[in-house]
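Below: protein_20.pdb (PDB, C-alpha atoms (C1' of nucleotides))
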```pdb
MODEL        1
ATOM      1  CA  MET A  82     107.284 112.502  88.069
ATOM      2  CA  PRO A  83     107.676 115.453  90.377
ATOM      3  CA  GLU A  84     109.678 114.575  93.486
ATOM      4  CA  LEU A  85     111.515 116.862  95.877
ATOM      5  CA  PRO A  86     113.978 118.356  93.343
ATOM      6  CA  GLU A  87     111.286 119.110  90.793
ATOM      7  CA  VAL A  88     109.047 120.690  93.439
ATOM      8  CA  GLU A  89     111.963 122.737  94.741
ATOM      9  CA  ASN A  90     112.506 124.119  91.265
ATOM     10  CA  VAL A  91     108.853 125.072  91.060
ATOM     11  CA  ALA A  92     109.101 126.762  94.471
ATOM     12  CA  ARG A  93     112.021 128.887  93.352
ATOM     13  CA  ALA A  94     110.280 129.867  90.156
ATOM     14  CA  LEU A  95     107.122 130.893  91.984
ATOM     15  CA  ARG A  96     109.074 132.941  94.504
ATOM     16  CA  GLN A  97     110.972 134.760  91.813
ATOM     17  CA  ALA A  98     107.958 135.434  89.646
ATOM     18  CA  LEU A  99     105.144 135.987  92.108
ATOM     19  CA  LEU A 100     106.195 136.912  95.629
ATOM     20  CA  GLY A 101     104.313 140.027  96.706
ATOM     21  CA  ARG A 102     101.958 139.932  93.730
ATOM     22  CA  ARG A 103      98.203 139.973  94.179
ATOM     23  CA  LEU A 104      96.079 137.084  92.981
ATOM     24  CA  ASP A 105      93.400 138.856  90.971
ATOM     25  CA  GLY A 106      91.482 135.871  89.731
ATOM     26  CA  LEU A 107      91.233 132.162  89.340
ATOM     27  CA  ARG A 108      89.992 130.481  86.181
ATOM     28  CA  VAL A 109      88.782 126.964  86.827
ATOM     29  CA  ARG A 110      88.695 124.311  84.126
ATOM     30  CA  PHE A 111      88.586 121.333  86.479
ATOM     31  CA  ALA A 112      86.858 121.921  89.791
ATOM     32  CA  GLY A 113      88.544 118.928  91.424
ATOM     33  CA  ALA A 114      91.856 120.759  91.334
ATOM     34  CA  LEU A 115      90.642 123.062  94.123
ATOM     35  CA  LYS A 116      89.736 121.640  97.534
ATOM     36  CA  PRO A 117      87.401 121.823  99.278
ATOM     37  CA  SER A 118      85.735 123.699  96.421
ATOM     38  CA  PRO A 119      86.556 126.401  93.882
ATOM     39  CA  ARG A 120      84.201 128.774  95.660
ATOM     40  CA  ALA A 121      85.864 128.323  99.053
ATOM     41  CA  VAL A 122      89.353 128.708  97.605
ATOM     42  CA  LYS A 123      88.407 131.847  95.689
ATOM     43  CA  ARG A 124      86.820 133.408  98.742
ATOM     44  CA  ALA A 125      89.942 132.746 100.766
ATOM     45  CA  VAL A 126      92.727 133.890  98.453
ATOM     46  CA  VAL A 127      91.497 136.047  95.567
ATOM     47  CA  GLY A 128      92.470 139.659  96.164
ATOM     48  CA  LYS A 129      95.355 138.780  98.469
ATOM     49  CA  ARG A 130      99.076 138.926  97.869
ATOM     50  CA  LEU A 131     101.394 135.956  97.847
ATOM     51  CA  ALA A 132     103.516 136.397 100.948
ATOM     52  CA  GLU A 133     105.516 133.200 101.168
ATOM     53  CA  VAL A 134     106.271 130.002  99.265
ATOM     54  CA  ARG A 135     107.604 127.098 101.290
ATOM     55  CA  ARG A 136     108.328 123.528 100.273
ATOM     56  CA  HIS A 137     107.932 120.574 102.575
ATOM     57  CA  GLY A 138     108.727 117.251 100.948
ATOM     58  CA  LYS A 139     106.713 117.296  97.745
ATOM     59  CA  TYR A 140     104.221 119.850  99.047
ATOM     60  CA  LEU A 141     104.289 123.549  98.326
ATOM     61  CA  LEU A 142     102.711 125.902 100.845
ATOM     62  CA  LEU A 143     101.534 129.195  99.380
ATOM     63  CA  ARG A 144     100.814 131.735 102.066
ATOM     64  CA  PHE A 145      98.645 134.731 101.242
ATOM     65  CA  ALA A 146      98.758 137.897 103.308
ATOM     66  CA  PRO A 147      95.608 139.511 104.687
ATOM     67  CA  ASP A 148      94.011 142.213 102.542
ATOM     68  CA  GLY A 149      96.007 145.398 102.677
ATOM     69  CA  ALA A 150      98.815 143.829 104.676
ATOM     70  CA  ASP A 151     102.479 144.059 103.906
ATOM     71  CA  PRO A 152     103.134 140.638 102.428
ATOM     72  CA  GLY A 153     106.758 140.635 103.454
ATOM     73  CA  GLY A 154     106.502 139.479 107.045
ATOM     74  CA  SER A 155     105.974 135.955 108.198
ATOM     75  CA  ARG A 156     105.656 135.606 111.928
ATOM     76  CA  ASP A 157     105.124 131.877 111.636
ATOM     77  CA  MET A 158     108.694 131.381 110.597
ATOM     78  CA  LEU A 159     110.213 132.907 113.709
ATOM     79  CA  GLY A 160     109.166 130.220 116.120
ATOM     80  CA  ALA A 161     110.798 127.328 114.335
ATOM     81  CA  GLY A 162     110.851 124.220 116.452
ATOM     82  CA  GLY A 163     108.394 122.353 118.576
ATOM     83  CA  ALA A 164     106.652 125.354 120.067
ATOM     84  CA  ALA A 165     105.672 126.834 116.733
ATOM     85  CA  ASP A 166     103.281 124.024 115.987
ATOM     86  CA  ARG A 167     101.270 124.694 119.103
ATOM     87  CA  VAL A 168     101.238 128.471 118.822
ATOM     88  CA  ALA A 169      99.183 128.597 115.641
ATOM     89  CA  GLU A 170      96.092 127.091 117.230
ATOM     90  CA  SER A 171      93.586 129.718 116.224
ATOM     91  CA  PRO A 172      94.236 130.664 112.614
ATOM     92  CA  PRO A 173      92.406 133.701 111.308
ATOM     93  CA  PRO A 174      89.135 132.849 109.557
ATOM     94  CA  TYR A 175      89.150 132.118 105.869
ATOM     95  CA  GLY A 176      87.886 134.845 103.642
ATOM     96  CA  ALA A 177      86.945 138.082 105.318
ATOM     97  CA  GLY A 178      90.332 139.530 104.485
ATOM     98  CA  GLY A 179      92.351 137.225 106.755
ATOM     99  CA  ALA A 180      95.528 135.419 105.862
ATOM    100  CA  ALA A 181      95.116 132.144 104.004
ATOM    101  CA  GLN A 182      97.235 129.298 102.822
ATOM    102  CA  LEU A 183      97.111 126.835  99.948
ATOM    103  CA  ALA A 184      98.883 123.493  99.845
ATOM    104  CA  LEU A 185      99.840 122.405  96.330
ATOM    105  CA  HIS A 186     100.740 118.853  95.438
ATOM    106  CA  LEU A 187     101.570 117.880  91.863
ATOM    107  CA  ARG A 188     101.165 114.148  92.500
ATOM    108  CA  MET A 189     101.988 112.264  89.324
ATOM    109  CA  THR A 190     101.552 114.601  86.419
ATOM    110  CA  GLY A 191     100.903 118.073  87.786
ATOM    111  CA  GLN A 192     102.821 120.930  86.189
ATOM    112  CA  ILE A 193     103.173 124.633  86.884
ATOM    113  CA  PHE A 194     103.992 126.967  84.018
ATOM    114  CA  VAL A 195     104.849 130.587  84.412
ATOM    115  CA  ARG A 196     106.114 130.987  80.880
ATOM    116  CA  PRO A 197     103.904 133.281  78.833
ATOM    117  CA  ASP A 198     104.002 131.203  75.657
ATOM    118  CA  TYR A 199     102.279 128.107  77.028
ATOM    119  CA  ARG A 200      99.362 127.271  74.782
ATOM    120  CA  PRO A 201      96.415 125.938  76.784
ATOM    121  CA  ASP A 202      95.564 122.366  75.870
ATOM    122  CA  LYS A 203      93.046 119.784  77.038
ATOM    123  CA  HIS A 204      95.020 119.057  80.214
ATOM    124  CA  LEU A 205      95.014 122.616  81.516
ATOM    125  CA  ARG A 206      93.129 122.623  84.845
ATOM    126  CA  LEU A 207      93.590 126.113  86.337
ATOM    127  CA  VAL A 208      94.834 129.562  85.516
ATOM    128  CA  LEU A 209      95.887 131.840  88.363
ATOM    129  CA  ASP A 210      96.091 135.507  87.406
ATOM    130  CA  PHE A 211      98.713 137.395  89.377
ATOM    131  CA  GLU A 212      98.387 141.044  88.392
ATOM    132  CA  GLY A 213      98.333 140.239  84.722
ATOM    133  CA  ARG A 214     100.783 137.379  84.904
ATOM    134  CA  PRO A 215      99.068 134.056  84.240
ATOM    135  CA  VAL A 216     100.235 130.956  86.064
ATOM    136  CA  TYR A 217      99.049 127.695  84.541
ATOM    137  CA  TYR A 218      98.328 124.493  86.372
ATOM    138  CA  ARG A 219      98.300 121.516  84.024
ATOM    139  CA  ASP A 220      97.649 117.952  85.137
ATOM    140  CA  LEU A 221      97.069 115.115  82.717
ATOM    141  CA  ARG A 222      95.787 112.648  85.275
ATOM    142  CA  LYS A 223      94.002 115.035  87.646
ATOM    143  CA  PHE A 224      95.525 113.605  90.818
ATOM    144  CA  GLY A 225      97.047 116.828  92.053
ATOM    145  CA  GLY A 226      95.772 120.257  92.940
ATOM    146  CA  PHE A 227      95.483 123.063  95.471
ATOM    147  CA  ALA A 228      93.939 122.563  98.888
ATOM    148  CA  LEU A 229      92.918 125.312 101.281
ATOM    149  CA  VAL A 230      94.644 124.724 104.612
ATOM    150  CA  GLU A 231      94.826 126.749 107.789
ATOM    151  CA  ASP A 232      97.431 129.478 108.043
ATOM    152  CA  ALA A 233      99.908 127.573 110.181
ATOM    153  CA  HIS A 234     103.525 126.679 109.735
ATOM    154  CA  ARG A 235     102.509 123.047 109.896
ATOM    155  CA  PRO A 236      98.898 122.640 108.710
ATOM    156  CA  ALA A 237      96.894 119.695 110.031
ATOM    157  CA  ALA A 238      96.554 118.360 106.501
ATOM    158  CA  LEU A 239     100.300 117.703 106.523
ATOM    159  CA  ALA A 240     100.446 116.216 110.011
ATOM    160  CA  HIS A 241     101.216 112.751 108.661
ATOM    161  CA  VAL A 242     104.170 114.035 106.624
ATOM    162  CA  GLY A 243     107.551 113.550 108.235
ATOM    163  CA  PRO A 244     110.513 115.951 108.227
ATOM    164  CA  ASP A 245     111.922 117.011 104.887
ATOM    165  CA  MET A 246     114.627 114.666 103.615
ATOM    166  CA  LEU A 247     117.012 117.598 103.122
ATOM    167  CA  GLU A 248     116.539 118.843 106.670
ATOM    168  CA  ILE A 249     116.346 115.753 108.819
ATOM    169  CA  PRO A 250     119.536 114.992 110.783
ATOM    170  CA  PHE A 251     120.843 111.462 110.527
ATOM    171  CA  ARG A 252     120.042 110.573 114.123
ATOM    172  CA  ASP A 253     116.393 111.532 113.702
ATOM    173  CA  TRP A 254     116.082 109.712 110.399
ATOM    174  CA  HIS A 255     117.756 106.645 111.874
ATOM    175  CA  ALA A 256     115.398 106.668 114.856
ATOM    176  CA  ARG A 257     112.365 106.760 112.569
ATOM    177  CA  LEU A 258     113.563 104.058 110.200
ATOM    178  CA  ALA A 259     115.858 101.647 111.986
ATOM    179  CA  ARG A 260     113.206  99.633 113.807
ATOM    180  CA  ARG A 261     111.091  99.071 110.713
ATOM    181  CA  ARG A 262     111.004  95.720 109.008
ATOM    182  CA  ALA A 263     110.009  96.747 105.485
ATOM    183  CA  PRO A 264     112.549  96.797 102.637
ATOM    184  CA  LEU A 265     114.676  99.941 102.357
ATOM    185  CA  LYS A 266     113.012 100.836  99.074
ATOM    186  CA  SER A 267     109.599 100.985 100.737
ATOM    187  CA  LEU A 268     110.950 102.932 103.709
ATOM    188  CA  LEU A 269     112.595 105.529 101.477
ATOM    189  CA  LEU A 270     109.253 106.100  99.759
ATOM    190  CA  HIS A 271     107.393 106.379 103.074
ATOM    191  CA  GLN A 272     106.678 110.102 103.416
ATOM    192  CA  GLY A 273     105.855 109.741 107.103
ATOM    193  CA  ILE A 274     109.454 108.776 107.864
ATOM    194  CA  ALA A 275     111.014 111.532 105.787
ATOM    195  CA  ALA A 276     109.414 113.479 102.959
ATOM    196  CA  GLY A 277     110.646 114.131  99.450
ATOM    197  CA  LEU A 278     111.966 110.959  97.881
ATOM    198  CA  GLY A 279     109.914 109.355  95.113
ATOM    199  CA  ASN A 280     110.493 106.320  92.989
ATOM    200  CA  ILE A 281     113.264 107.783  90.841
ATOM    201  CA  TYR A 282     115.497 109.176  93.579
ATOM    202  CA  ALA A 283     114.865 106.258  95.943
ATOM    203  CA  ASP A 284     116.346 103.901  93.348
ATOM    204  CA  GLU A 285     119.225 106.279  92.662
ATOM    205  CA  ALA A 286     120.007 106.679  96.372
ATOM    206  CA  LEU A 287     120.118 102.912  96.914
ATOM    207  CA  LEU A 288     122.479 102.439  93.993
ATOM    208  CA  ARG A 289     124.813 105.169  95.194
ATOM    209  CA  ALA A 290     124.848 103.635  98.660
ATOM    210  CA  GLY A 291     125.503 100.182  97.211
ATOM    211  CA  LEU A 292     122.456  98.704  98.917
ATOM    212  CA  HIS A 293     120.005  96.246  97.402
ATOM    213  CA  PRO A 294     116.432  97.585  97.523
ATOM    214  CA  LEU A 295     115.218  94.513  99.429
ATOM    215  CA  THR A 296     117.705  95.076 102.233
ATOM    216  CA  ARG A 297     116.048  95.687 105.596
ATOM    217  CA  PRO A 298     117.377  97.989 108.306
ATOM    218  CA  ALA A 299     118.091  94.995 110.569
ATOM    219  CA  ASP A 300     120.495  93.647 107.915
ATOM    220  CA  LEU A 301     122.712  96.727 108.250
ATOM    221  CA  ASP A 302     124.964  98.466 110.702
ATOM    222  CA  GLU A 303     124.644 102.162 111.415
ATOM    223  CA  ALA A 304     127.448 103.116 109.034
ATOM    224  CA  ALA A 305     125.597 101.609 106.071
ATOM    225  CA  LEU A 306     122.400 103.439 106.980
ATOM    226  CA  ARG A 307     124.351 106.649 107.324
ATOM    227  CA  ARG A 308     125.688 106.107 103.830
ATOM    228  CA  LEU A 309     122.146 105.725 102.513
ATOM    229  CA  TRP A 310     121.004 108.892 104.283
ATOM    230  CA  ARG A 311     123.958 110.794 102.853
ATOM    231  CA  GLU A 312     123.532 109.491  99.295
ATOM    232  CA  ALA A 313     119.814 110.241  99.315
ATOM    233  CA  ARG A 314     120.529 113.852 100.219
ATOM    234  CA  THR A 315     123.361 114.076  97.741
ATOM    235  CA  VAL A 316     121.274 112.892  94.821
ATOM    236  CA  LEU A 317     118.429 115.247  95.754
ATOM    237  CA  ARG A 318     120.732 118.266  95.908
ATOM    238  CA  LEU A 319     122.435 117.281  92.680
ATOM    239  CA  ALA A 320     119.095 116.966  90.923
ATOM    240  CA  ILE A 321     117.945 120.343  92.243
ATOM    241  CA  ARG A 322     121.054 121.934  90.764
ATOM    242  CA  HIS A 323     120.325 120.350  87.410
ATOM    243  CA  GLY A 324     116.712 121.434  87.228
ATOM    244  CA  GLY A 325     115.204 118.081  88.146
ATOM    245  CA  THR A 326     114.525 115.056  86.017
ATOM    246  CA  THR A 327     112.347 114.986  82.944
ATOM    247  CA  TYR A 328     110.912 111.529  82.607
ATOM    248  CA  GLN A 329     108.041 110.977  80.228
ATOM    249  CA  ASP A 330     106.021 114.160  80.418
ATOM    250  CA  PHE A 331     107.413 116.204  83.268
ATOM    251  CA  LEU A 332     108.524 119.647  82.192
ATOM    252  CA  ARG A 333     109.873 122.462  84.242
ATOM    253  CA  PHE A 334     107.981 125.628  85.036
ATOM    254  CA  ASP A 335     109.472 127.314  81.996
ATOM    255  CA  GLY A 336     108.574 124.448  79.689
ATOM    256  CA  ARG A 337     112.120 123.163  79.371
ATOM    257  CA  PRO A 338     113.065 119.649  80.389
ATOM    258  CA  GLY A 339     115.086 118.964  83.514
ATOM    259  CA  ARG A 340     118.725 118.110  82.863
ATOM    260  CA  PHE A 341     119.104 115.344  85.411
ATOM    261  CA  TYR A 342     117.578 112.673  83.205
ATOM    262  CA  GLY A 343     120.860 111.818  81.520
ATOM    263  CA  MET A 344     122.509 111.450  84.901
ATOM    264  CA  LEU A 345     120.220 108.705  86.147
ATOM    265  CA  ARG A 346     122.213 105.562  86.878
ATOM    266  CA  VAL A 347     119.508 102.926  87.224
ATOM    267  CA  TYR A 348     115.999 104.379  87.005
ATOM    268  CA  GLY A 349     114.437 103.602  83.636
ATOM    269  CA  ARG A 350     117.569 101.735  82.491
ATOM    270  CA  GLU A 351     116.362  98.128  82.700
ATOM    271  CA  GLY A 352     118.636  95.896  80.598
ATOM    272  CA  GLU A 353     121.181  98.645  79.987
ATOM    273  CA  PRO A 354     124.702  98.256  81.350
ATOM    274  CA  CYS A 355     125.505  99.707  84.760
ATOM    275  CA  ARG A 356     127.674 102.776  84.300
ATOM    276  CA  ALA A 357     130.044 101.490  86.975
ATOM    277  CA  CYS A 358     130.340  97.734  86.466
ATOM    278  CA  GLY A 359     128.671  97.031  83.128
ATOM    279  CA  ARG A 360     126.210  94.459  84.341
ATOM    280  CA  PRO A 361     122.670  94.916  83.029
ATOM    281  CA  VAL A 362     120.333  96.866  85.276
ATOM    282  CA  ARG A 363     117.492  94.759  86.638
ATOM    283  CA  LYS A 364     113.932  95.742  87.336
ATOM    284  CA  ILE A 365     111.903  94.091  90.061
ATOM    285  CA  ARG A 366     108.787  94.955  92.017
ATOM    286  CA  VAL A 367     109.107  96.037  95.628
ATOM    287  CA  GLY A 368     106.036  97.018  97.598
ATOM    288  CA  GLY A 369     104.120  97.325  94.360
ATOM    289  CA  ARG A 370     106.649  99.754  92.883
ATOM    290  CA  GLY A 371     108.874  99.263  89.895
ATOM    291  CA  THR A 372     112.397  99.125  91.297
ATOM    292  CA  HIS A 373     115.677  99.338  89.393
ATOM    293  CA  TYR A 374     119.039  98.167  90.688
ATOM    294  CA  CYS A 375     122.411  96.891  89.589
ATOM    295  CA  PRO A 376     123.078  93.284  90.639
ATOM    296  CA  GLY A 377     126.804  93.973  90.650
ATOM    297  CA  CYS A 378     126.884  97.161  92.711
ATOM    298  CA  GLN A 379     123.934  96.230  94.945
ATOM    299  CA  PRO A 380     124.393  92.636  96.093
ATOM    300  CA  GLU A 381     121.544  90.741  97.708
ATOM    301  CA  PRO A 382     121.340  91.363 101.434
ATOM    302  CA  ALA A 383     122.905  88.709 103.600
ATOM    303  CA  ARG A 384     119.926  86.903 105.067
ATOM    304  CA  ARG A 385     120.235  86.914 108.811
ATOM    305  CA  ARG A 386     119.105  83.478 110.005
ATOM    306  CA  PRO A 387     116.302  83.718 112.520
TER     307      PRO A 387
ATOM    308  C1'  DA B1346     100.770  99.019 114.392
ATOM    309  C1'  DA B1347     102.968  98.372 110.602
ATOM    310  C1'  DG B1348     102.787  96.677 106.242
ATOM    311  C1'  DA B1349     100.093  95.558 102.088
ATOM    312  C1'  DT B1350      96.520  96.611  98.820
ATOM    313  C1'  DT B1351      93.282  99.400  96.279
ATOM    314  C1'  DA B1352      91.290 103.731  94.351
ATOM    315  C1'  DC B1353      92.015 107.684  91.977
ATOM    316  C1'  DC B1354      93.081 109.072  86.563
ATOM    317  C1'  DT B1355      94.773 109.131  81.645
ATOM    318  C1'  DG B1356      97.663 107.762  77.944
ATOM    319  C1'  DA B1357     101.199 104.745  76.064
ATOM    320  C1'  DA B1358     102.445 100.325  74.711
ATOM    321  C1'  DG B1359     101.891  95.554  73.674
ATOM    322  C1'  DG B1360      99.123  91.365  72.399
ATOM    323  C1'  DC B1361      96.109  89.346  69.199
TER     324       DC B1361
ATOM    325  C1'  DT C 617      92.627  98.438  62.149
ATOM    326  C1'  DG C 618      91.004  98.244  66.716
ATOM    327  C1'  DC C 619      89.896  96.341  70.975
ATOM    328  C1'  DC C 620      91.600  94.755  75.208
ATOM    329  C1'  DT C 621      94.886  94.501  79.052
ATOM    330  C1'  DT C 622      98.719  96.161  81.546
ATOM    331  C1'  DC C 623     101.642  99.576  83.282
ATOM    332  C1'  DA C 624     103.208 104.087  85.167
ATOM    333  C1'  DG C 625     103.328 106.080  90.295
ATOM    334  C1'  DG C 626     101.982 109.746  95.042
ATOM    335  C1'  DT C 627      99.010 109.543  98.439
ATOM    336  C1'  DA C 628      94.670 108.533 101.019
ATOM    337  C1'  DA C 629      91.725 105.136 102.406
ATOM    338  C1'  DT C 630      91.035 100.580 103.428
ATOM    339  C1'  DC C 631      92.370  96.116 104.525
ATOM    340  C1'  DT C 632      95.065  92.346 107.219
TER     341       DT C 632
ENDMDL
END
```

Render the structure in this file as structure tokens.
Amino acid sequence: MPELPEVENVARALRQALLGRRLDGLRVRFAGALKPSPRAVKRAVVGKRLAEVRRHGKYLLLRFAPDGADPGGSRDMLGAGGAADRVAESPPPYGAGGAAQLALHLRMTGQIFVRPDYRPDKHLRLVLDFEGRPVYYRDLRKFGGFALVEDAHRPAALAHVGPDMLEIPFRDWHARLARRRAPLKSLLLHQGIAAGLGNIYADEALLRAGLHPLTRPADLDEAALRRLWREARTVLRLAIRHGGTTYQDFLRFDGRPGRFYGMLRVYGREGEPCRACGRPVRKIRVGGRGTHYCPGCQPEPARRRP
DNA sequence: AAGATTACCTGAAGGC
DNA sequence: TGCCTTCAGGTAATCT
């Protein structure tokens, strides 16, 4: 499942392979992978050069320069901070040679391949032709895809997405999370609080912080929450360095599996001994999500009597 | 208003 | 063998 580290690896691959290249064409095998429609997306981006690839949480933002423009510059980036969001009120019109932006989300099973030896199969949904270099979008379950969004640093379509988990300072994260009453596991998955963690890394972060997934913020002091914030960021950065996690069918952009899988401590290890204390990893359901934890390293939260 | 549930999809796995 | 059910999970929409 692509989470922040896997998406970050895709971002880096796209930058290296495609930045400054012109999108010459778009071959559509599944129309639902392009929103609002294949026609609208083609009109907006075909013929333009890829000027910028940014990641926010699990989203990738692909910015295309206007026709004939130098794709290097990105004025949006200069005004980082609160003002930038208000500046980009009147984006240039789609099509007609203006700048344009696509938001890509891989959801559950989306994959990007830039390797030339990928053999199209029944799950191939799109081919993007960048000056002779094909980029394949494959998605078994058809949840993901590209959406045309306005050319802003923070498109309206992503307004509900909170700050990136690797960028949010502890005090901001704490302010967004501490008053909530849901279990930590659910709060870590909540993209509106902070974006990037998915089911795998949420479980791994809780184990590393020594916190039971059913713990609630009110059960903890600030030091324990700081530990969780730090461990979440640590595990994300570690996974990025190792090319992400291959679980079930996720493969990296080059078709190779991520190397972080063998480093998982609890996710997918139900019944296997904890690497630290030897007790068997348990699997429960929290907020409808499969949740793995070690009963030795993550003791039940002390119930505060009402 | 926050938390919980369902829809969206397909394939794997298990029961009988 | 094959049919049926359940499960996997990110997010949007819909409920309570």

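Residues captured in this structure file are B:DA1347, B:DG1348, B:DA1349, B:DT1350, B:DC1353, B:DC1354, B:DT1355, B:DG1356, according to the PyMOL selection byres ((chain B) within 10 of (chain A)).
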
For the provided coordinates, the residues matched by the PyMOL selection byres ((chain B and resi 1360) around 9) should be stated as a PyMOL selection string.
(chain B and resi 1359+1361) or (chain C and resi 620-621)

Ground truth for the PyMOL selection byres ((chain A) within 9 of (chain C)), written as a VMD selection string
chain A and resid 82 187 to 189 224 279 to 280 370 to 371

Would you work out the distance separating atom CA of A:Leu115 from atom CA of A:His204, expressed in Å to one decimal?
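Rounded to one decimal, the two atoms are 15.1 Å apart.
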
Quick one: of A:Arg340, A:Arg200, A:Arg130, A:His137, who's nearest to A:Ala181, counting only C-alpha atoms?
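Selected residue with least distance to A:Ala181: A:Arg130.
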